[in-house]
Amino acid sequence: MGLFGLFSKKKKETLDEGLSKTKENVFAKITRAVAGKSKVDDEVLDELENVLVTSDVGVDTTLKIIKRIEERVARDKYVSTSELTGILRQEIASLLIENGSADGESFDIPADQKPYVIMVVGVNGVGKTTTIGKLANRFRQAGKSVVLGAADTFRAAAVEQLEIWSERVGVPIVKQQMGSDPASVAYDTVSSAVANGADVVIIDTAGRLHNKINLMNELTKIKRVMQKVIPDAPHEVLLVLDGSTGQNAFEQARQFTAATEVNALAVTKLDGTAKGGVVIGISDQFKIPVKYIGLGEGIDDLQVFRKKEFVDSLFGE
Ligand SMILES: Nc1nc2c(ncn2[C@@H]2O[C@H](COP(=O)(O)OP(=O)(O)OP(=O)(O)O)[C@@H](O)[C@H]2O)c(=O)[nH]1
Ligand SMILES: [Mg+2]
């Protein structure tokens with residue numbers, strides 16, 4: 001096996017491992033749903049609907065999937081229950097691929113936007129700062145120069161936490177003291193990146209403010225101030241969602257995308273939860289692409305979201 005095969009094998013295992021709780025949960029439920037049945041009939045489809053809804057895929061997406069499987073069963077006349085997971089895998093993958101944007105191919109950034117500015121948003125505790133650390137590491141590994149901006153000035157520990165990541169990854173950080181104006185930190189960060197010819201800027205933001213209106217106003221202000229340096233910044237507004245909260249992650253995606261211009265999603269904490277099905281629903285329901293998935297607390301536990309690979313892993317043997 002060549003080097004490439006070795007790497008892709010390792011990555012695949014990690015995805016399987018990361019999703020193991022969800023996999024076990026989905027399989028146990030499907031096994032129960034088809035117990036004592038040899039063919040896929042209305043009763044099995046009803047059970048399957050239940051399995052998907054209770055696996056956090058979400059009602060709308062579940063109905064689409066069931067409809068596709070119904071059509072398939074009607075077309076093929078006899079579908080045995082042993083074929084069910086294979087069919088699920090195919091139908092879910094094609095639903096996501098037809099409905100949404102293309103997969104992110106790698107941890108790459110457009111060459112014509114330099115520095116490429118990523119602003120990371122999301123409610124508190126979802127994994128923003130951790131995702132920034134992991135992302136910075138990936139970009140660095142890809143040979144890019146990265147600058148982090150500690151624009152979560154709401155609590156002292158937030159700046160320290162980003163600083164630890166900047167040391168771990170070996171990238172510079174721009175910060176001010178706690179309580180300072182986040183927009184001013186973002187301005188300094190972008191200015192420093194331009195002055196130093198950096199490739200990527202990643203701005204951390206607070207998830208918790210006195211209220212939601214304050215938070216949204218602050219994000220708007222951070223954007224506006226960065227635009228004084230780079231008119232089309234931020235190029236990416238990455239909304240981080242905690243996958244382990246299931247339907248709550250959906251709700252946050254709905255609220256944030258309505259209030260601010262998000263153009264990429266990251267779903268974290270898929271390890272250690274049985275609610276990984278939520279990524280399928282989010283990927284189907286939001287026109288905004290799921291770009292990254294978080295599979296652990298470690299520096300390497302971030303992957304580019306690839307639909308087919310994800311569905312194969314979730315419903316694979
Ligand atoms: N298991 C697991 N834990 C994660 C993942 N991503 C983040 N975490 C953990 O979740 C906790 C919160 O992560 P943070 O990165 O601090 O979240 P945040 O959104 O920056 O939080 P605030 O700054 O409070 O808004 C930390 O303990 C992280 O280690 C993940 O993919 N898997
Ligand atoms: Mg944070």
# chains A, B, ... in the order shown; residues from 1 in each chain; ligands from 1
call {"tool": "residues_around", "arguments": {"residues": "stretch 289-294 of chain A", "least_positions_apart": "2", "cutoff": "6 Å", "atoms": "only C-alpha atoms", "output": "PyMOL selection string"}}
result
chain A and resi 104+264-269+296+301-305
call {"tool": "write_last_selection", "arguments": {"atoms": "N, CA, C and O atoms", "output": "PDB file, in the first residue's frame"}}
result
ATOM      1  N   GLY A 104     -16.484  20.538   0.211  1.00  0.00           N
ATOM      2  CA  GLY A 104     -15.189  21.182   0.341  1.00  0.00           C
ATOM      3  C   GLY A 104     -14.149  20.113   0.041  1.00  0.00           C
ATOM      4  O   GLY A 104     -14.198  19.042   0.614  1.00  0.00           O
ATOM      5  N   ALA A 264     -20.716  29.607   5.782  1.00  0.00           N
ATOM      6  CA  ALA A 264     -20.145  28.272   5.955  1.00  0.00           C
ATOM      7  C   ALA A 264     -20.528  27.770   7.346  1.00  0.00           C
ATOM      8  O   ALA A 264     -20.715  28.564   8.268  1.00  0.00           O
ATOM      9  N   LEU A 265     -20.651  26.445   7.466  1.00  0.00           N
ATOM     10  CA  LEU A 265     -21.014  25.856   8.761  1.00  0.00           C
ATOM     11  C   LEU A 265     -19.954  24.847   9.188  1.00  0.00           C
ATOM     12  O   LEU A 265     -19.342  24.182   8.344  1.00  0.00           O
ATOM     13  N   ALA A 266     -19.762  24.747  10.495  1.00  0.00           N
ATOM     14  CA  ALA A 266     -18.937  23.674  11.055  1.00  0.00           C
ATOM     15  C   ALA A 266     -19.784  23.005  12.124  1.00  0.00           C
ATOM     16  O   ALA A 266     -20.415  23.700  12.930  1.00  0.00           O
ATOM     17  N   VAL A 267     -19.853  21.694  12.112  1.00  0.00           N
ATOM     18  CA  VAL A 267     -20.612  20.973  13.145  1.00  0.00           C
ATOM     19  C   VAL A 267     -19.614  20.193  13.993  1.00  0.00           C
ATOM     20  O   VAL A 267     -18.866  19.352  13.476  1.00  0.00           O
ATOM     21  N   THR A 268     -19.578  20.510  15.278  1.00  0.00           N
ATOM     22  CA  THR A 268     -18.568  19.939  16.177  1.00  0.00           C
ATOM     23  C   THR A 268     -19.141  18.852  17.089  1.00  0.00           C
ATOM     24  O   THR A 268     -20.349  18.625  17.107  1.00  0.00           O
ATOM     25  N   LYS A 269     -18.244  18.235  17.835  1.00  0.00           N
ATOM     26  CA  LYS A 269     -18.579  17.292  18.910  1.00  0.00           C
ATOM     27  C   LYS A 269     -19.393  16.099  18.423  1.00  0.00           C
ATOM     28  O   LYS A 269     -20.275  15.606  19.126  1.00  0.00           O
ATOM     29  N   GLY A 296     -13.522  15.560  17.815  1.00  0.00           N
ATOM     30  CA  GLY A 296     -12.773  15.373  19.052  1.00  0.00           C
ATOM     31  C   GLY A 296     -12.123  16.669  19.481  1.00  0.00           C
ATOM     32  O   GLY A 296     -12.193  17.679  18.770  1.00  0.00           O
ATOM     33  N   ASP A 301      -8.466  16.671  15.095  1.00  0.00           N
ATOM     34  CA  ASP A 301      -9.846  16.156  15.025  1.00  0.00           C
ATOM     35  C   ASP A 301     -10.821  17.075  14.305  1.00  0.00           C
ATOM     36  O   ASP A 301     -11.936  17.329  14.780  1.00  0.00           O
ATOM     37  N   LEU A 302     -10.374  17.598  13.175  1.00  0.00           N
ATOM     38  CA  LEU A 302     -11.274  18.394  12.337  1.00  0.00           C
ATOM     39  C   LEU A 302     -11.147  17.854  10.923  1.00  0.00           C
ATOM     40  O   LEU A 302     -10.051  17.617  10.442  1.00  0.00           O
ATOM     41  N   GLN A 303     -12.274  17.631  10.289  1.00  0.00           N
ATOM     42  CA  GLN A 303     -12.235  17.135   8.915  1.00  0.00           C
ATOM     43  C   GLN A 303     -13.092  17.995   8.008  1.00  0.00           C
ATOM     44  O   GLN A 303     -14.047  18.613   8.454  1.00  0.00           O
ATOM     45  N   VAL A 304     -12.725  17.971   6.733  1.00  0.00           N
ATOM     46  CA  VAL A 304     -13.585  18.575   5.722  1.00  0.00           C
ATOM     47  C   VAL A 304     -14.800  17.654   5.602  1.00  0.00           C
ATOM     48  O   VAL A 304     -14.652  16.433   5.624  1.00  0.00           O
ATOM     49  N   PHE A 305     -15.993  18.227   5.512  1.00  0.00           N
ATOM     50  CA  PHE A 305     -17.207  17.410   5.387  1.00  0.00           C
ATOM     51  C   PHE A 305     -17.388  16.978   3.939  1.00  0.00           C
ATOM     52  O   PHE A 305     -17.478  17.805   3.039  1.00  0.00           O
TER      53      PHE A 305
END
call {"tool": "residues_around", "arguments": {"residues": "stretch 171-175 of chain A", "least_positions_apart": "3", "cutoff": "12 Å", "atoms": "only C-alpha atoms", "output": "PyMOL selection string"}}
result
chain A and resi 132-141+143-153+156+158-168+178-193+196+198-205
call {"tool": "write_last_selection", "arguments": {"atoms": "C-alpha atoms", "output": "PDB file, in the first residue's frame"}}
result
ATOM      1  CA  ILE A 132     -10.077  27.901  15.138  1.00  0.00           C
ATOM      2  CA  GLY A 133      -7.052  26.162  16.657  1.00  0.00           C
ATOM      3  CA  LYS A 134      -7.614  23.050  14.549  1.00  0.00           C
ATOM      4  CA  LEU A 135      -8.228  25.076  11.392  1.00  0.00           C
ATOM      5  CA  ALA A 136      -5.140  27.211  11.930  1.00  0.00           C
ATOM      6  CA  ASN A 137      -3.152  24.010  12.252  1.00  0.00           C
ATOM      7  CA  ARG A 138      -4.530  22.614   8.972  1.00  0.00           C
ATOM      8  CA  PHE A 139      -3.779  25.829   7.112  1.00  0.00           C
ATOM      9  CA  ARG A 140      -0.284  25.888   8.524  1.00  0.00           C
ATOM     10  CA  GLN A 141       0.265  22.306   7.471  1.00  0.00           C
ATOM     11  CA  GLY A 143       1.969  25.969   4.045  1.00  0.00           C
ATOM     12  CA  LYS A 144      -0.187  29.041   4.691  1.00  0.00           C
ATOM     13  CA  SER A 145       0.689  31.820   7.098  1.00  0.00           C
ATOM     14  CA  VAL A 146      -2.081  32.414   9.610  1.00  0.00           C
ATOM     15  CA  VAL A 147      -2.916  35.211  12.071  1.00  0.00           C
ATOM     16  CA  LEU A 148      -5.461  34.753  14.839  1.00  0.00           C
ATOM     17  CA  GLY A 149      -7.525  37.618  16.230  1.00  0.00           C
ATOM     18  CA  ALA A 150      -8.811  37.399  19.811  1.00  0.00           C
ATOM     19  CA  ALA A 151     -12.015  39.365  19.309  1.00  0.00           C
ATOM     20  CA  ASP A 152     -13.796  37.500  22.084  1.00  0.00           C
ATOM     21  CA  THR A 153     -12.897  40.091  24.705  1.00  0.00           C
ATOM     22  CA  ALA A 156     -10.318  36.942  30.127  1.00  0.00           C
ATOM     23  CA  ALA A 158     -11.251  33.464  26.097  1.00  0.00           C
ATOM     24  CA  VAL A 159      -8.130  35.394  25.102  1.00  0.00           C
ATOM     25  CA  GLU A 160      -5.908  32.998  27.052  1.00  0.00           C
ATOM     26  CA  GLN A 161      -7.515  29.981  25.435  1.00  0.00           C
ATOM     27  CA  LEU A 162      -6.855  31.320  21.932  1.00  0.00           C
ATOM     28  CA  GLU A 163      -3.332  32.219  22.983  1.00  0.00           C
ATOM     29  CA  ILE A 164      -2.685  28.610  24.009  1.00  0.00           C
ATOM     30  CA  TRP A 165      -3.847  27.467  20.588  1.00  0.00           C
ATOM     31  CA  SER A 166      -1.650  30.043  18.861  1.00  0.00           C
ATOM     32  CA  GLU A 167       1.363  28.663  20.740  1.00  0.00           C
ATOM     33  CA  ARG A 168       0.458  25.062  20.033  1.00  0.00           C
ATOM     34  CA  MET A 178     -10.280  41.811  28.282  1.00  0.00           C
ATOM     35  CA  GLY A 179     -13.200  44.175  27.866  1.00  0.00           C
ATOM     36  CA  SER A 180     -11.642  46.030  24.937  1.00  0.00           C
ATOM     37  CA  ASP A 181     -13.605  46.662  21.755  1.00  0.00           C
ATOM     38  CA  PRO A 182     -13.802  43.434  19.689  1.00  0.00           C
ATOM     39  CA  ALA A 183     -14.050  45.433  16.455  1.00  0.00           C
ATOM     40  CA  SER A 184     -10.817  47.181  17.319  1.00  0.00           C
ATOM     41  CA  VAL A 185      -9.081  43.819  17.851  1.00  0.00           C
ATOM     42  CA  ALA A 186     -10.422  42.608  14.494  1.00  0.00           C
ATOM     43  CA  TYR A 187      -9.174  45.806  12.830  1.00  0.00           C
ATOM     44  CA  ASP A 188      -5.703  45.347  14.318  1.00  0.00           C
ATOM     45  CA  THR A 189      -5.613  41.705  13.279  1.00  0.00           C
ATOM     46  CA  VAL A 190      -6.542  42.369   9.668  1.00  0.00           C
ATOM     47  CA  SER A 191      -4.132  45.315   9.479  1.00  0.00           C
ATOM     48  CA  SER A 192      -1.320  43.199  10.864  1.00  0.00           C
ATOM     49  CA  ALA A 193      -2.101  40.421   8.367  1.00  0.00           C
ATOM     50  CA  ASN A 196       2.894  41.019   7.086  1.00  0.00           C
ATOM     51  CA  ALA A 198      -0.329  36.734   5.769  1.00  0.00           C
ATOM     52  CA  ASP A 199      -2.506  34.265   3.861  1.00  0.00           C
ATOM     53  CA  VAL A 200      -5.301  33.679   6.368  1.00  0.00           C
ATOM     54  CA  VAL A 201      -6.897  35.631   9.218  1.00  0.00           C
ATOM     55  CA  ILE A 202      -9.161  33.843  11.674  1.00  0.00           C
ATOM     56  CA  ILE A 203     -11.199  35.993  14.054  1.00  0.00           C
ATOM     57  CA  ASP A 204     -12.622  34.500  17.247  1.00  0.00           C
ATOM     58  CA  THR A 205     -15.800  36.131  18.567  1.00  0.00           C
TER      59      THR A 205
END
call {"tool": "closest_residue", "arguments": {"among": "A:Arg89, A:Lys275, A:Lys221, A:Lys29", "to": "A:Phe310", "atoms": "only C-alpha atoms"}}
result
A:Arg89
call {"tool": "atom_distance", "arguments": {"atom1": "atom CA of A:Glu236", "atom2": "atom CA of A:Val262"}}
result
7.6 Å
call {"tool": "residues_around", "arguments": {"residues": "A:Asp41", "least_positions_apart": "2", "cutoff": "10 Å", "atoms": "only C-alpha atoms", "output": "VMD selection string"}}
result
chain A and resid 34 37 to 39 43 to 46 70 73 to 74 78 to 81
call {"tool": "write_last_selection", "arguments": {"atoms": "C-alpha atoms", "output": "mmCIF file, in the first residue's frame"}}
result
data_model
loop_
_atom_site.group_PDB
_atom_site.id
_atom_site.type_symbol
_atom_site.label_atom_id
_atom_site.label_comp_id
_atom_site.auth_asym_id
_atom_site.auth_seq_id
_atom_site.Cartn_x
_atom_site.Cartn_y
_atom_site.Cartn_z
ATOM 1 C CA VAL A 34 -36.694 -4.751 10.418
ATOM 2 C CA LYS A 37 -39.340 -8.828 8.336
ATOM 3 C CA SER A 38 -37.926 -10.009 5.042
ATOM 4 C CA LYS A 39 -39.161 -7.240 2.763
ATOM 5 C CA GLU A 43 -44.713 -0.974 8.240
ATOM 6 C CA VAL A 44 -40.938 -1.064 7.821
ATOM 7 C CA LEU A 45 -41.044 2.370 6.186
ATOM 8 C CA ASP A 46 -43.004 3.739 9.149
ATOM 9 C CA GLU A 70 -40.902 4.505 -1.183
ATOM 10 C CA VAL A 73 -39.574 0.153 -3.391
ATOM 11 C CA ALA A 74 -42.477 0.826 -5.781
ATOM 12 C CA TYR A 78 -39.483 -6.455 -4.002
ATOM 13 C CA VAL A 79 -36.824 -4.957 -1.769
ATOM 14 C CA SER A 80 -35.450 -7.185 0.949
ATOM 15 C CA THR A 81 -34.739 -5.750 4.377
#
call {"tool": "closest_residue", "arguments": {"among": "A:Ile282, A:Val40, A:Ile65, A:Ile118", "to": "A:Ala93", "atoms": "only C-alpha atoms"}}
result
A:Ile65
call {"tool": "closest_residue", "arguments": {"among": "A:Thr14, A:Ser244, A:Thr129, A:Thr257", "to": "ligand 2", "atoms": "only C-alpha atoms and all ligand atoms"}}
result
A:Thr129
call {"tool": "atom_distance", "arguments": {"atom1": "atom CA of A:Met119", "atom2": "atom CA of A:Val237"}}
result
4.9 Å
